[in-house]
$ cat structure15.txt   # compact mmCIF, C-alpha atoms and all ligand atoms
# COMPACT_ATOMS: atom_id res chain seq x y z
CA MET A 1 25.04 -20.89 15.31
CA LYS A 2 24.12 -17.72 17.25
CA SER A 3 21.46 -17.88 19.97
CA SER A 4 17.93 -16.74 19.13
CA LYS A 5 14.81 -15.94 21.12
CA THR A 6 12.72 -16.79 18.06
CA ARG A 7 12.76 -20.43 17.02
CA CYS A 8 10.13 -20.37 14.31
CA LEU A 9 8.70 -17.58 12.18
CA GLY A 10 6.03 -17.38 9.51
CA ILE A 11 6.36 -14.91 6.62
CA LEU A 12 3.48 -13.59 4.56
CA THR A 13 3.19 -10.94 1.86
CA ALA A 14 -0.07 -8.98 1.82
CA GLY A 15 -1.69 -6.17 -0.17
CA GLY A 16 -0.62 -5.15 -3.65
CA ASP A 17 2.64 -6.73 -4.76
CA SER A 18 5.79 -4.70 -5.07
CA PRO A 19 9.26 -5.25 -6.51
CA GLY A 20 11.62 -6.33 -3.73
CA LEU A 21 9.25 -8.66 -1.85
CA ASN A 22 11.19 -11.75 -2.92
CA ALA A 23 14.50 -10.13 -2.02
CA VAL A 24 13.17 -9.56 1.52
CA VAL A 25 11.83 -13.12 1.85
CA ARG A 26 15.21 -14.40 0.66
CA ALA A 27 17.21 -12.26 3.10
CA ILE A 28 15.07 -13.11 6.14
CA THR A 29 15.16 -16.82 5.32
CA LYS A 30 18.92 -16.95 4.70
CA VAL A 31 19.88 -14.99 7.82
CA ALA A 32 17.24 -16.47 10.15
CA MET A 33 18.18 -20.02 9.14
CA GLY A 34 21.87 -19.66 8.41
CA GLU A 35 22.92 -17.40 11.26
CA PHE A 36 20.37 -18.22 13.97
CA GLY A 37 19.04 -21.67 13.11
CA MET A 38 15.39 -20.55 13.03
CA ARG A 39 12.69 -22.52 11.25
CA VAL A 40 11.16 -20.36 8.51
CA LEU A 41 7.65 -20.92 7.16
CA GLY A 42 6.15 -19.27 4.10
CA ILE A 43 2.43 -18.49 4.19
CA GLN A 44 0.70 -18.36 0.82
CA ASP A 45 -1.50 -15.50 -0.39
CA GLY A 46 -1.27 -13.26 2.65
CA PHE A 47 -3.62 -13.61 5.63
CA ARG A 48 -5.89 -15.88 3.57
CA GLY A 49 -3.18 -18.55 3.46
CA LEU A 50 -2.84 -18.31 7.23
CA VAL A 51 -6.57 -18.75 7.70
CA GLU A 52 -6.67 -21.64 5.21
CA ASN A 53 -3.50 -23.20 6.60
CA ARG A 54 -1.58 -23.03 3.34
CA ILE A 55 1.88 -22.92 4.86
CA LEU A 56 5.16 -24.39 3.62
CA THR A 57 8.73 -24.59 4.82
CA LEU A 58 11.19 -22.14 3.31
CA ASP A 59 14.85 -23.03 2.93
CA ASP A 60 17.91 -22.17 0.90
CA ALA A 61 16.55 -23.99 -2.14
CA THR A 62 13.14 -22.25 -2.11
CA VAL A 63 14.65 -18.78 -1.92
CA SER A 64 17.47 -19.44 -4.33
CA GLY A 65 17.42 -17.23 -7.45
CA VAL A 66 14.60 -14.94 -6.30
CA LEU A 67 16.61 -11.80 -5.50
CA THR A 68 15.92 -10.25 -8.89
CA ARG A 69 12.44 -11.64 -9.42
CA GLY A 70 9.43 -9.28 -9.32
CA GLY A 71 6.11 -10.12 -7.66
CA THR A 72 6.05 -12.47 -4.68
CA ILE A 73 6.84 -16.17 -4.69
CA LEU A 74 4.44 -16.54 -1.74
CA GLY A 75 1.48 -14.97 -3.53
CA THR A 76 -0.54 -12.15 -2.00
CA SER A 77 -4.09 -11.04 -1.29
CA ARG A 78 -5.85 -8.04 0.18
CA ASP A 79 -7.74 -10.20 2.69
CA LYS A 80 -7.88 -9.26 6.36
CA PRO A 81 -8.39 -11.91 9.05
CA HIS A 82 -11.23 -10.07 10.80
CA SER A 83 -13.25 -9.45 7.65
CA MET A 84 -12.62 -12.06 4.99
CA PRO A 85 -14.88 -13.09 2.11
CA MET A 86 -15.77 -16.74 2.75
CA GLY A 87 -18.38 -18.44 0.63
CA GLY A 88 -19.95 -15.16 -0.44
CA ARG A 89 -20.04 -13.65 3.04
CA LEU A 90 -17.64 -11.48 5.06
CA MET A 91 -16.48 -13.52 8.03
CA ASP A 92 -14.28 -12.85 11.03
CA MET A 93 -11.59 -15.50 10.57
CA THR A 94 -9.26 -14.33 13.34
CA ASP A 95 -9.69 -17.56 15.33
CA ALA A 96 -8.56 -19.68 12.39
CA ALA A 97 -5.56 -17.41 11.73
CA VAL A 98 -4.43 -17.55 15.35
CA GLU A 99 -4.99 -21.31 15.67
CA ASN A 100 -2.93 -22.01 12.55
CA ALA A 101 -0.07 -19.77 13.70
CA GLN A 102 -0.08 -21.61 17.03
CA LYS A 103 -0.38 -25.02 15.44
CA HIS A 104 2.84 -24.36 13.49
CA GLN A 105 4.46 -23.00 16.67
CA MET A 106 5.25 -19.64 15.12
CA ASP A 107 6.95 -17.38 17.63
CA CYS A 108 6.39 -14.45 15.31
CA LEU A 109 4.35 -13.62 12.24
CA VAL A 110 6.37 -11.46 9.85
CA CYS A 111 4.14 -9.46 7.51
CA LEU A 112 5.48 -7.73 4.42
CA GLY A 113 3.03 -5.05 3.36
CA GLY A 114 1.80 -1.48 3.47
CA GLY A 115 -0.27 0.44 5.99
CA GLY A 116 -3.26 -1.91 5.80
CA THR A 117 -1.09 -4.95 6.43
CA ALA A 118 0.54 -3.29 9.45
CA LYS A 119 -2.93 -2.51 10.80
CA ASN A 120 -4.10 -6.11 10.37
CA ALA A 121 -0.93 -7.52 11.92
CA PHE A 122 -1.10 -5.15 14.89
CA ARG A 123 -4.72 -6.07 15.41
CA LEU A 124 -3.69 -9.72 15.79
CA ALA A 125 -1.00 -8.68 18.29
CA GLN A 126 -3.31 -6.51 20.34
CA ARG A 127 -6.40 -8.65 20.31
CA ARG A 128 -4.82 -12.12 20.43
CA GLY A 129 -1.31 -11.64 21.80
CA ILE A 130 0.37 -12.96 18.65
CA ASN A 131 3.92 -11.63 18.13
CA VAL A 132 4.19 -9.77 14.85
CA MET A 133 6.73 -7.79 12.85
CA THR A 134 6.15 -5.81 9.67
CA LEU A 135 8.35 -4.61 6.83
CA PRO A 136 7.21 -1.61 4.75
CA LYS A 137 6.35 -2.45 1.17
CA THR A 138 4.57 -0.19 -1.27
CA ILE A 139 5.30 1.60 -4.50
CA ASP A 140 3.28 4.51 -3.08
CA ASN A 141 5.94 5.11 -0.38
CA ASP A 142 3.22 6.18 2.05
CA VAL A 143 4.08 3.95 5.03
CA PHE A 144 4.56 6.15 8.06
CA GLY A 145 7.76 5.92 10.10
CA THR A 146 10.21 4.90 7.37
CA ASP A 147 12.16 7.15 5.02
CA VAL A 148 11.36 4.83 2.15
CA SER A 149 9.48 1.59 1.42
CA PHE A 150 10.87 -1.11 -0.83
CA GLY A 151 9.36 -1.13 -4.33
CA PHE A 152 9.14 2.65 -4.51
CA ASP A 153 12.48 3.19 -6.24
CA THR A 154 11.61 0.64 -8.93
CA ALA A 155 8.24 2.25 -9.60
CA VAL A 156 9.87 5.69 -9.83
CA SER A 157 12.32 4.33 -12.43
CA ILE A 158 9.55 2.76 -14.49
CA ALA A 159 7.38 5.90 -14.40
CA THR A 160 10.38 8.12 -15.20
CA GLU A 161 11.27 6.04 -18.23
CA ALA A 162 7.66 6.24 -19.40
CA ILE A 163 7.65 10.03 -19.06
CA ASP A 164 10.93 10.18 -21.02
CA ARG A 165 9.32 8.20 -23.82
CA LEU A 166 6.18 10.33 -23.76
CA HIS A 167 8.34 13.44 -24.17
CA THR A 168 9.61 12.45 -27.60
CA THR A 169 6.20 11.64 -29.02
CA ALA A 170 4.54 14.68 -27.38
CA THR A 171 7.24 16.88 -28.93
CA SER A 172 6.74 15.41 -32.41
CA HIS A 173 2.98 15.93 -32.35
CA HIS A 174 2.91 19.16 -30.33
CA ARG A 175 0.50 17.59 -27.89
CA LEU A 176 -0.37 17.61 -24.22
CA ILE A 177 0.11 14.18 -22.71
CA VAL A 178 -1.38 13.35 -19.34
CA CYS A 179 0.52 10.49 -17.71
CA GLU A 180 -1.30 8.89 -14.78
CA VAL A 181 0.81 7.15 -12.16
CA MET A 182 -0.30 5.20 -9.08
CA GLY A 183 -0.90 6.84 -5.72
CA HIS A 184 -4.43 7.19 -4.36
CA ARG A 185 -3.66 9.09 -1.21
CA ALA A 186 0.04 9.97 -1.51
CA GLY A 187 1.75 11.67 -4.43
CA TRP A 188 5.36 10.56 -3.82
CA LEU A 189 5.53 8.57 -7.02
CA ALA A 190 4.15 11.38 -9.19
CA LEU A 191 6.43 13.89 -7.46
CA HIS A 192 9.66 11.90 -7.88
CA ALA A 193 8.95 10.57 -11.38
CA GLY A 194 7.57 13.96 -12.44
CA ILE A 195 10.73 15.75 -11.36
CA ALA A 196 13.06 13.07 -12.75
CA GLY A 197 11.18 12.95 -16.06
CA GLY A 198 10.90 16.76 -16.31
CA ALA A 199 7.10 16.85 -16.32
CA ASP A 200 5.81 20.38 -16.86
CA VAL A 201 2.85 19.89 -14.53
CA ILE A 202 2.73 17.56 -11.52
CA LEU A 203 -0.57 16.91 -9.78
CA LEU A 204 -0.69 15.29 -6.34
CA PRO A 205 -3.57 14.15 -4.10
CA GLU A 206 -2.18 16.40 -1.37
CA LEU A 207 -2.38 19.61 -3.44
CA PRO A 208 -5.82 20.18 -4.97
CA TYR A 209 -5.53 21.76 -8.40
CA ASP A 210 -7.31 24.44 -10.32
CA LEU A 211 -7.97 23.54 -13.98
CA GLU A 212 -7.91 27.14 -15.16
CA LYS A 213 -4.49 27.71 -13.59
CA ILE A 214 -3.07 24.64 -15.34
CA ALA A 215 -4.58 25.72 -18.67
CA GLU A 216 -3.11 29.22 -18.28
CA PHE A 217 0.31 27.72 -17.50
CA LEU A 218 0.13 25.48 -20.59
CA LEU A 219 -0.87 28.39 -22.82
CA GLU A 220 1.97 30.48 -21.43
CA ARG A 221 4.41 27.69 -22.34
CA ARG A 222 3.02 27.74 -25.84
CA ARG A 223 3.44 31.48 -26.07
CA HIS A 224 7.10 30.86 -25.24
CA GLY A 225 7.38 28.47 -28.19
CA LYS A 226 6.98 25.22 -26.23
CA ARG A 227 4.32 23.41 -28.19
CA PHE A 228 4.11 20.22 -26.11
CA SER A 229 3.57 19.59 -22.41
CA ILE A 230 3.70 16.58 -20.10
CA ILE A 231 1.37 16.38 -17.12
CA ALA A 232 2.28 13.76 -14.48
CA VAL A 233 -0.76 13.07 -12.34
CA ALA A 234 -1.22 10.80 -9.35
CA GLU A 235 -4.37 8.69 -9.65
CA GLY A 236 -5.78 10.28 -6.48
CA ALA A 237 -5.28 13.92 -7.53
CA LEU A 238 -8.37 16.07 -7.08
CA SER A 239 -9.51 19.47 -8.24
CA ARG A 240 -10.14 22.06 -5.51
CA ARG A 241 -13.87 21.58 -5.98
CA GLU A 242 -13.63 17.79 -5.62
CA ALA A 243 -11.37 18.13 -2.57
CA ASP A 244 -13.84 20.48 -0.85
CA ALA A 245 -16.76 18.16 -1.57
CA LEU A 246 -14.73 15.21 -0.29
CA ALA A 247 -13.81 17.03 2.93
CA ALA A 248 -17.44 18.02 3.55
CA ALA A 249 -18.75 14.52 2.94
CA LYS A 250 -16.03 12.99 5.12
CA ALA A 251 -16.80 15.37 7.98
CA ALA A 252 -20.46 14.37 7.82
CA LYS A 253 -19.58 10.67 7.74
CA ASP A 254 -17.11 11.06 10.63
CA LYS A 255 -19.75 12.73 12.74
CA GLU A 256 -22.14 9.89 12.03
CA THR A 257 -19.62 7.11 12.75
CA LYS A 258 -18.27 8.78 15.91
CA GLU A 259 -21.65 8.33 17.52
CA THR A 260 -21.76 4.60 16.84
CA LYS A 261 -18.03 3.92 17.41
CA GLU A 262 -18.17 3.82 21.19
CA THR A 263 -21.09 1.42 21.18
CA LYS A 264 -19.25 -0.78 18.70
CA GLU A 265 -16.05 -0.81 20.73
CA THR A 266 -17.89 -1.86 23.85
CA LYS A 267 -19.52 -4.67 21.89
CA GLU A 268 -16.13 -5.79 20.47
CA LYS A 269 -14.62 -5.89 23.96
CA ASP A 270 -17.51 -7.97 25.25
CA LYS A 271 -17.12 -10.27 22.26
CA ASP A 272 -13.38 -10.71 23.01
CA LYS A 273 -14.16 -11.59 26.61
CA ASP A 274 -16.83 -14.09 25.55
CA ARG A 275 -14.41 -15.60 23.05
CA GLU A 276 -11.75 -16.06 25.73
CA LYS A 277 -14.26 -17.68 28.08
CA ASP A 278 -15.51 -19.88 25.26
CA LYS A 279 -11.96 -20.89 24.38
CA ASP A 280 -11.21 -21.92 27.98
CA ARG A 281 -14.41 -23.91 28.06
CA ARG A 282 -13.54 -25.63 24.76
CA LYS A 283 -10.01 -26.37 25.92
CA THR A 284 -11.23 -28.35 28.91
CA ARG A 285 -14.14 -29.97 27.05
CA ASP A 286 -12.76 -30.82 23.58
CA LEU A 287 -9.13 -31.67 24.15
CA ASP A 288 -8.97 -34.44 21.54
CA ARG A 289 -11.22 -32.92 18.88
CA PRO A 290 -9.65 -32.73 15.38
CA ASP A 291 -8.27 -29.38 14.14
CA LYS A 292 -10.96 -26.83 13.38
CA GLY A 293 -8.77 -24.11 11.86
CA GLU A 294 -10.21 -24.17 8.37
CA GLY A 295 -13.45 -22.69 7.18
CA LEU A 296 -14.73 -21.57 10.56
CA GLY A 297 -15.52 -18.02 11.50
CA GLU A 298 -17.97 -15.42 12.57
CA LEU A 299 -19.85 -13.03 10.40
CA SER A 300 -17.78 -9.86 10.19
CA THR A 301 -19.17 -6.60 11.51
CA GLU A 302 -16.27 -4.53 10.22
CA ALA A 303 -17.28 -1.31 8.45
CA ASP A 304 -15.76 -0.35 5.09
CA ASP A 305 -12.34 1.20 5.40
CA VAL A 306 -11.52 4.82 4.59
CA ASP A 307 -10.01 4.02 1.21
CA ALA A 308 -13.12 2.26 0.00
CA PHE A 309 -15.16 5.15 1.30
CA ARG A 310 -12.91 7.62 -0.50
CA ALA A 311 -13.12 5.66 -3.76
CA ASP A 312 -16.89 5.75 -3.55
CA LEU A 313 -16.93 9.38 -2.75
CA THR A 314 -14.51 10.28 -5.53
CA LEU A 315 -16.88 8.58 -7.92
CA ASN A 316 -19.81 10.58 -6.59
CA VAL A 317 -17.85 13.80 -6.58
CA SER A 318 -16.75 13.31 -10.17
CA ARG A 319 -20.38 12.71 -11.06
CA LEU A 320 -21.25 16.08 -9.56
CA HIS A 321 -18.28 17.65 -11.25
CA ASP A 322 -19.20 16.67 -14.75
CA GLU A 323 -22.71 16.71 -16.16
CA THR A 324 -21.74 14.39 -18.99
CA MET A 325 -21.34 11.68 -16.34
CA ALA A 326 -25.10 11.34 -16.45
CA TYR A 327 -24.69 9.47 -19.75
CA HIS A 328 -21.99 7.15 -18.52
CA VAL A 329 -22.59 3.92 -16.69
CA VAL A 330 -18.88 3.53 -15.95
CA GLN A 331 -16.84 6.36 -14.43
CA GLU A 332 -14.56 8.12 -16.90
CA PRO A 333 -10.94 7.66 -15.75
CA MET A 334 -9.64 10.74 -13.97
CA ALA A 335 -6.67 11.26 -16.32
CA SER A 336 -8.90 11.13 -19.36
CA ARG A 337 -11.33 13.63 -17.83
CA LEU A 338 -8.40 15.92 -17.07
CA ALA A 339 -7.03 15.63 -20.61
CA ARG A 340 -10.46 16.34 -22.08
CA HIS A 341 -10.91 19.48 -19.98
CA LEU A 342 -7.39 20.73 -20.73
CA GLN A 343 -7.85 20.14 -24.45
CA ALA A 344 -11.09 22.15 -24.31
CA LEU A 345 -9.51 24.98 -22.32
CA THR A 346 -6.28 25.27 -24.33
CA GLY A 347 -7.29 24.11 -27.79
CA VAL A 348 -4.23 21.83 -27.79
CA GLU A 349 -4.68 18.19 -28.74
CA ALA A 350 -4.35 15.97 -25.67
CA ARG A 351 -3.61 12.28 -25.10
CA VAL A 352 -3.61 10.06 -22.03
CA THR A 353 -1.29 7.31 -20.82
CA SER A 354 -2.14 5.40 -17.68
CA LEU A 355 0.81 3.36 -16.44
CA GLY A 356 -1.21 1.23 -14.03
CA HIS A 357 0.23 -2.08 -12.88
CA VAL A 358 3.25 -1.80 -15.19
CA GLN A 359 4.70 0.23 -12.30
CA ARG A 360 4.48 -2.75 -9.95
CA GLY A 361 5.88 -5.37 -12.30
CA GLY A 362 9.29 -6.67 -13.27
CA VAL A 363 12.70 -6.73 -11.66
CA PRO A 364 13.55 -4.47 -8.72
CA THR A 365 16.19 -1.78 -9.16
CA ALA A 366 19.62 -2.17 -7.56
CA PHE A 367 18.53 0.21 -4.76
CA ASP A 368 15.40 -1.84 -4.00
CA ARG A 369 17.38 -5.09 -4.00
CA THR A 370 19.87 -3.60 -1.56
CA LEU A 371 17.20 -2.03 0.65
CA SER A 372 15.19 -5.27 0.72
CA THR A 373 18.26 -7.30 1.61
CA MET A 374 19.19 -4.88 4.40
CA MET A 375 15.67 -4.87 5.79
CA GLY A 376 15.30 -8.65 5.63
CA ALA A 377 18.66 -9.29 7.29
CA ARG A 378 17.91 -6.75 10.04
CA ALA A 379 14.48 -8.32 10.57
CA ALA A 380 16.15 -11.68 11.25
CA GLU A 381 18.52 -10.07 13.79
CA LEU A 382 15.63 -8.35 15.55
CA LEU A 383 13.70 -11.62 15.68
CA ALA A 384 16.72 -13.28 17.25
CA GLU A 385 16.73 -10.53 19.90
CA GLY A 386 13.03 -11.15 20.52
CA GLN A 387 11.95 -7.70 19.34
CA TYR A 388 8.32 -8.09 18.40
CA ASN A 389 5.43 -5.81 17.43
CA VAL A 390 7.75 -3.50 15.54
CA MET A 391 8.16 -2.38 11.95
CA VAL A 392 11.62 -2.54 10.44
CA ALA A 393 12.10 1.01 9.19
CA TYR A 394 14.81 2.57 7.06
CA ARG A 395 16.01 5.80 8.65
CA ASN A 396 19.08 7.81 7.71
CA GLY A 397 20.67 4.89 5.91
CA VAL A 398 20.13 2.22 8.57
CA CYS A 399 17.35 -0.23 9.45
CA VAL A 400 15.82 0.32 12.87
CA PRO A 401 12.84 -1.13 14.77
CA VAL A 402 9.89 1.23 15.27
CA PRO A 403 7.00 0.24 17.58
CA LEU A 404 3.95 -0.64 15.50
CA ALA A 405 1.83 1.46 17.85
CA GLU A 406 3.61 4.54 16.43
CA VAL A 407 3.01 3.54 12.83
CA VAL A 408 -0.43 1.99 12.59
CA GLY A 409 -3.27 4.20 11.40
CA ARG A 410 -0.94 6.89 10.04
CA LYS A 411 0.03 7.66 6.47
CA LYS A 412 3.11 9.44 5.17
CA LEU A 413 1.76 12.08 2.79
CA VAL A 414 3.64 14.72 0.82
CA PRO A 415 3.72 17.91 2.93
CA ALA A 416 2.83 21.05 0.96
CA ASP A 417 6.16 22.59 2.00
CA HIS A 418 8.26 19.54 1.05
CA HIS A 419 11.69 20.51 -0.28
CA LEU A 420 11.06 18.61 -3.55
CA ILE A 421 7.95 20.66 -4.24
CA HIS A 422 9.95 23.80 -3.58
CA CYS A 423 12.75 22.65 -5.86
CA ALA A 424 10.34 21.65 -8.64
CA ARG A 425 8.70 25.07 -8.45
CA GLN A 426 12.15 26.66 -8.72
CA VAL A 427 12.72 24.93 -12.06
CA GLY A 428 9.33 26.09 -13.33
CA THR A 429 7.07 23.09 -12.63
CA CYS A 430 3.39 23.86 -12.16
CA PHE A 431 1.41 22.08 -9.40
CA GLY A 432 -1.91 23.55 -10.49
CA ASP A 433 -2.46 25.20 -7.10
O1 LIG B 501 -0.08 -0.71 -3.54
C1 LIG B 501 -0.80 0.47 -3.65
C2 LIG B 501 -1.27 0.62 -5.04
O2 LIG B 501 -0.15 0.51 -5.84
C3 LIG B 501 -2.03 1.91 -5.32
O3 LIG B 501 -1.26 2.98 -5.74
C4 LIG B 501 -3.04 1.50 -6.34
O4 LIG B 501 -4.12 2.32 -6.36
C5 LIG B 501 -3.37 0.14 -5.88
O5 LIG B 501 -2.19 -0.40 -5.35
C6 LIG B 501 -3.97 -0.73 -6.93
O6 LIG B 501 -3.80 -2.06 -6.63
P1 LIG B 501 -4.71 -3.28 -7.12
O7 LIG B 501 -5.24 -2.94 -8.45
O8 LIG B 501 -3.78 -4.44 -7.14
O9 LIG B 501 -5.76 -3.45 -6.10

$ encode --input "structure15.txt" --output "structure tokens" --more "lines below"
Ligand code: F6P
Amino acid sequence: MKSSKTRCLGILTAGGDSPGLNAVVRAITKVAMGEFGMRVLGIQDGFRGLVENRILTLDDATVSGVLTRGGTILGTSRDKPHSMPMGGRLMDMTDAAVENAQKHQMDCLVCLGGGGTAKNAFRLAQRRGINVMTLPKTIDNDVFGTDVSFGFDTAVSIATEAIDRLHTTATSHHRLIVCEVMGHRAGWLALHAGIAGGADVILLPELPYDLEKIAEFLLERRRHGKRFSIIAVAEGALSRREADALAAAKAAKDKETKETKETKETKEKDKDKDREKDKDRRKTRDLDRPDKGEGLGELSTEADDVDAFRADLTLNVSRLHDETMAYHVVQEPMASRLARHLQALTGVEARVTSLGHVQRGGVPTAFDRTLSTMMGARAAELLAEGQYNVMVAYRNGVCVPVPLAEVVGRKKLVPADHHLIHCARQVGTCFGD
């Protein structure tokens, strides 16, 4: 057995699930145990399982046969330790999370997730000195610092196959079909699947579109005898008007929050100091008290995150954008609104297909299985070396550690001058801009 600076690690999967999660859990467990003799613990349902102390031992038997399985055998949740719904209220459960990690003698908490998960893990490292490591998972491929995240390739394949299928029916009926794929902030999935599936129009959150320009493009196709069209749209794509309204509202909100941020940070620091003092006091006073990890916490003061804010705003913006919204209690899905407008502008019958969670389900592709296995095995090696507070990134064909400080709070978006956008334009794809 090789020597290892890490003796015990806990693994959790957090955020939306993604094909390849099980392959990573399997690889870390096999290498950490088999090559370095580490004890491997599996935490159920993300950070919630850590807070609620739902932790089990992983071994060869538990990870056997999961390489090809979609989803996550550990379960997942979108909960964050510092702001977790508990009994109808948002509570700061960081104490419970830290106490449970310590109780199980975890030398490192390995978190498989996207940008939000990295943020939550890093917060635990910074605020409470817990060693963490993250591995980039998301079908959106928007984790900063890695060339690719596991799960993305599978989602691209699923969306591409769907676009292929839509082509045949759109051709038969001479229709426009709007195919909505996932991606609130980043359009990687729409871009890759759109190119691979030969979509005529690709709409990304990063490139605000102009409806009239798309309609003109579609009519031009028709004039050239092409009586059908496929529009691949990321769920976060916005019209120019919506994007401008969003930017203005965000600037106003930023200005408002900036003023209160400093006050809040000072308060948080004071709270941390008090907590430390309180902990020392408790240590000396309550040495033989039973474990208090479960169900305890403080009321969270965390503000809504940017994504929630954006979702809200998008709703409001779309209300402004469309007078008919006044009659709707529920927001009309973006793809359906787009199809309706394009049908009105072009006179061509339009249909909508929203792929939704189909893109996150089922078996990972060969590439994702390989990537996940590489990342998991490398993670175990890095743990053995005692490299903590890093993300295992995939860069130029190899897995390397990247300091979490360089990754957290940043998103990998599609640059307007990306070579794939250029290449798609060369083959006649319209981006509506
Ligand atoms: O994981 C990111 C993502 O796939 C987004 O593209 C999508 O908007 C979101 O998850 C939806 O996830 P859920 O419905 O599980 O919250």

$ residues_around --input "structure15.txt" --residues "A:Lys273" --least-positions-apart "6" --cutoff "12 Å" --atoms "only C-alpha atoms" --output "ChimeraX atom specification"
/A:127-128,266-267,279-280

$ atom_distance --input "structure15.txt" --atom1 "atom CA of A:Ser239" --atom2 "atom CA of A:Thr346"
17.4 Å

$ residues_near_ligand --input "structure15.txt" --ligand "ligand LIG 501 (chain B)" --cutoff "6 Å" --atoms "all atoms listed in the file" --output "list of chain:residue names"
A:Gly16, A:Thr138, A:Ile139, A:Asp140, A:Met182, A:Gly183, A:His184

$ residues_around --input "structure15.txt" --residues "A:Thr373" --least-positions-apart "3" --cutoff "6 Å" --atoms "only C-alpha atoms" --output "list in words"
Ala23, Val24, Ala27, Thr370 and Gly376 of chain A

$ closest_residue --input "structure15.txt" --among "A:Thr160, A:Asn396, A:Ser64, A:Thr134" --to "A:Gly197" --atoms "all atoms listed in the file"
A:Thr160

$ decode --input "structure15.txt" --residues "stretch 223-240 of chain A" --atoms "C-alpha atoms" --output "PDB file, in the first residue's frame"
ATOM      1  CA  ARG A 223     -37.176  31.673 -50.368  1.00  0.00           C
ATOM      2  CA  HIS A 224     -34.296  29.293 -51.088  1.00  0.00           C
ATOM      3  CA  GLY A 225     -36.691  26.342 -50.998  1.00  0.00           C
ATOM      4  CA  LYS A 226     -35.958  25.221 -47.426  1.00  0.00           C
ATOM      5  CA  ARG A 227     -39.408  24.898 -45.949  1.00  0.00           C
ATOM      6  CA  PHE A 228     -38.456  23.750 -42.442  1.00  0.00           C
ATOM      7  CA  SER A 229     -36.114  25.163 -39.811  1.00  0.00           C
ATOM      8  CA  ILE A 230     -34.744  24.019 -36.465  1.00  0.00           C
ATOM      9  CA  ILE A 231     -34.022  26.554 -33.741  1.00  0.00           C
ATOM     10  CA  ALA A 232     -31.844  25.302 -30.858  1.00  0.00           C
ATOM     11  CA  VAL A 233     -32.287  27.619 -27.893  1.00  0.00           C
ATOM     12  CA  ALA A 234     -30.670  27.610 -24.477  1.00  0.00           C
ATOM     13  CA  GLU A 235     -33.230  28.062 -21.703  1.00  0.00           C
ATOM     14  CA  GLY A 236     -31.520  31.282 -20.598  1.00  0.00           C
ATOM     15  CA  ALA A 237     -31.440  32.961 -24.024  1.00  0.00           C
ATOM     16  CA  LEU A 238     -32.767  36.518 -24.002  1.00  0.00           C
ATOM     17  CA  SER A 239     -33.857  39.027 -26.595  1.00  0.00           C
ATOM     18  CA  ARG A 240     -31.821  42.247 -26.793  1.00  0.00           C
TER      19      ARG A 240
END
